[in-house]
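Step one of this worksheet: look at the structure below.
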Amino acid sequence: MKSWKSILLLILIILVTVKYFDLTIEYQDNDFIFAGFIIGFYLLLFLIFGAIALNIEFKKYRLLKDLKVFKLTTMSILIVFVALGMHTYFAVRDSSDVILEAQQNFDLNHIKIELREDETYKFTNGSALGNSYSRGNYIKNDSIITIDTANSDKLLKSDQLAIRGNQIYMIDSKHRIVDSIFYFILND
């Protein structure tokens, strides 16, 4: 018969893990000023519940001398490895060298686009409270850049950009500027 403590710990570990993974994935594309504190809180809860599970299972092991009692501890260790893999993936995702970078600063907001060597781009829409990121693929032909806007922010109103001088504008299919106020300034 399983003890109620183990069942409760299993439920708590699963709930905290699901929320931690959900927030970690969400904050990869939308970070805000308190994101680290919130994710850290769920990580701390997970560690506390994992330590309690280890303590309970270690006491059972001393009585039974059977390694099968370490079910929650084994599950917790597997969750840690999955989390490490997820964080590694997110760290490697934007590791390609930036070949072109442009941005524009407004009062409390800013926008930025990075074109990377691996033909991916990262669009940043930032404010004083945090940033939202959009990623996709691009194709560059001379001064025209065609981007995949399927996952982009609503600020990108066109899938074509044009480099004109030291600025990048959104253009329509006839190469006319879509919004003359919304442009990026190339970084040197």
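If you're wondering about the labels, chains in the structure tokens are A, B, ... by order shown, residues count from 1 in each chain, ligands from 1 in order shown.
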Could you find all residues in range 49-171 of chain A that DSSP calls helix (DSSP H, G or I) from the backbone, and write them as a PyMOL selection string? chain A and resi 49-64+67-69+71-93
Contacts of Asn187 in chain A within 9 Å, only C-alpha atoms, excl. fewer than 2 positions in-chain, as a PDB file with C-alpha atoms, in the first residue's frame:
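Okay, this is what ended up in out29.pdb:
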ATOM      1  CA  LEU A 100      23.334  41.863 -39.773  1.00  0.00           C
ATOM      2  CA  GLU A 101      21.812  43.703 -36.836  1.00  0.00           C
ATOM      3  CA  ALA A 102      19.493  46.694 -36.855  1.00  0.00           C
ATOM      4  CA  GLN A 103      17.414  48.415 -34.199  1.00  0.00           C
ATOM      5  CA  ASN A 166      21.662  52.501 -43.288  1.00  0.00           C
ATOM      6  CA  ILE A 185      18.757  51.518 -38.158  1.00  0.00           C
TER       7      ILE A 185
END
Taking the backbone alone, and naming residues the way the document does, which bits of range 4-188 of chain A are strand (DSSP E) by DSSP, as a PyMOL selection string? chain A and resi 30-32+98-105+110-116+120-127+130-141+144-147+160-164+167-171+183-186
Contacts of Phe70 in chain A at 10 Å or less, counting only C-alpha atoms, minus same-chain residues fewer than 4 places along, as a list in words?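 Contacts, in chain order: Ala53, Leu54, Asn55, Ile56, Glu57, Phe58, Lys60, Tyr61, Asp66, Thr74, Met75 and Ser76 of chain A.
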Find the residues near range 106-118 of chain A: any atom within 8 Å, counting only C-alpha atoms, skip ones fewer than 3 places away on the same chain, and give them as a compact mmCIF listing (two decimals) with N, CA and C atoms, in the first residue's frame.
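Final file, around04.txt:
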# COMPACT_ATOMS: atom_id res chain seq x y z
N SER A 96 24.15 30.94 -33.36
CA SER A 96 24.75 31.24 -34.66
C SER A 96 25.17 32.70 -34.71
N ASP A 97 26.25 32.99 -35.44
CA ASP A 97 26.78 34.35 -35.52
C ASP A 97 25.79 35.29 -36.22
N VAL A 98 25.70 36.51 -35.70
CA VAL A 98 24.84 37.54 -36.28
C VAL A 98 25.61 38.19 -37.43
N ILE A 99 24.99 38.22 -38.63
CA ILE A 99 25.65 38.85 -39.77
C ILE A 99 25.12 40.25 -40.06
N LEU A 100 23.91 40.53 -39.58
CA LEU A 100 23.33 41.86 -39.77
C LEU A 100 22.43 42.15 -38.58
N GLU A 101 22.61 43.32 -38.00
CA GLU A 101 21.81 43.70 -36.84
C GLU A 101 21.34 45.14 -37.02
N ALA A 102 20.06 45.36 -36.74
CA ALA A 102 19.49 46.69 -36.85
C ALA A 102 18.48 46.89 -35.73
N GLN A 103 18.36 48.14 -35.28
CA GLN A 103 17.41 48.42 -34.20
C GLN A 103 16.92 49.84 -34.28
N TYR A 121 16.33 34.45 -38.19
CA TYR A 121 16.34 35.80 -37.66
C TYR A 121 15.69 35.79 -36.28
N LYS A 122 15.99 36.84 -35.51
CA LYS A 122 15.38 37.04 -34.21
C LYS A 122 14.92 38.49 -34.15
N PHE A 123 13.62 38.68 -33.97
CA PHE A 123 13.02 40.00 -33.86
C PHE A 123 12.69 40.25 -32.40
N THR A 124 13.12 41.39 -31.88
CA THR A 124 12.87 41.75 -30.49
C THR A 124 11.98 42.97 -30.44
N ASN A 125 10.90 42.88 -29.68
CA ASN A 125 10.02 44.00 -29.40
C ASN A 125 10.13 44.25 -27.91
N GLY A 126 10.83 45.30 -27.52
CA GLY A 126 11.13 45.52 -26.11
C GLY A 126 10.45 46.72 -25.52
N SER A 127 10.27 46.64 -24.22
CA SER A 127 9.72 47.76 -23.46
C SER A 127 10.44 47.82 -22.11
N ALA A 128 10.02 48.74 -21.27
CA ALA A 128 10.65 48.89 -19.96
C ALA A 128 10.40 47.67 -19.07
N TYR A 138 14.84 33.41 -42.92
CA TYR A 138 14.86 34.51 -43.88
C TYR A 138 15.66 34.10 -45.11
N PHE A 184 14.26 50.09 -39.02
CA PHE A 184 15.41 49.71 -38.22
C PHE A 184 16.61 50.49 -38.71
What is the distance, in Å and to one decimal place, between CA of Gln160 in chain A and CA of Thr146 in chain A?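 Between CA of Gln160 in chain A and CA of Thr146 in chain A the gap works out to 4.5 Å.
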Pick the closest to Ser134 in chain A from A:Ser6, A:Ser95, A:Thr120, A:Thr88: which is it, counting only C-alpha atoms? A:Thr120
Using only C-alpha atoms, find each residue of range 62-161 of chain A with at least one atom at most 8 Å away from an atom of range 18-34 of chain A; report its shortest atom-to-atom pair and that distance in Å (one decimal), sort the rows by chain and rising residue number, and return the result as CSV.
residue,atom,partner,partner_atom,distance
A:Ala83,CA,A:Phe21,CA,7.6
A:Phe90,CA,A:Gln28,CA,7.5
A:Leu129,CA,A:Ile33,CA,5.4
A:Gly130,CA,A:Phe32,CA,3.8
A:Asn131,CA,A:Asp31,CA,5.4
A:Ser132,CA,A:Asn30,CA,4.2
A:Tyr133,CA,A:Asp29,CA,4.7
A:Ser134,CA,A:Asp29,CA,6.7
In Å and to one decimal, CA of Leu10 in chain A is distant from CA of Phe49 in chain A by 8.9 Å
Would you mind reading off the distance between CA of Asp179 in chain A and CA of Asp142 in chain A, one decimal, in Å?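 It comes out at 21.1 Å.
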Give me, as a PyMOL selection string, all polymer residues having an atom no more than 12 Å from Ile13 in chain A, counting only C-alpha atoms and skipping those fewer than 6 positions away in the same chain. chain A and resi 5-7+19-20+42-53+72-73+75-77+79-80
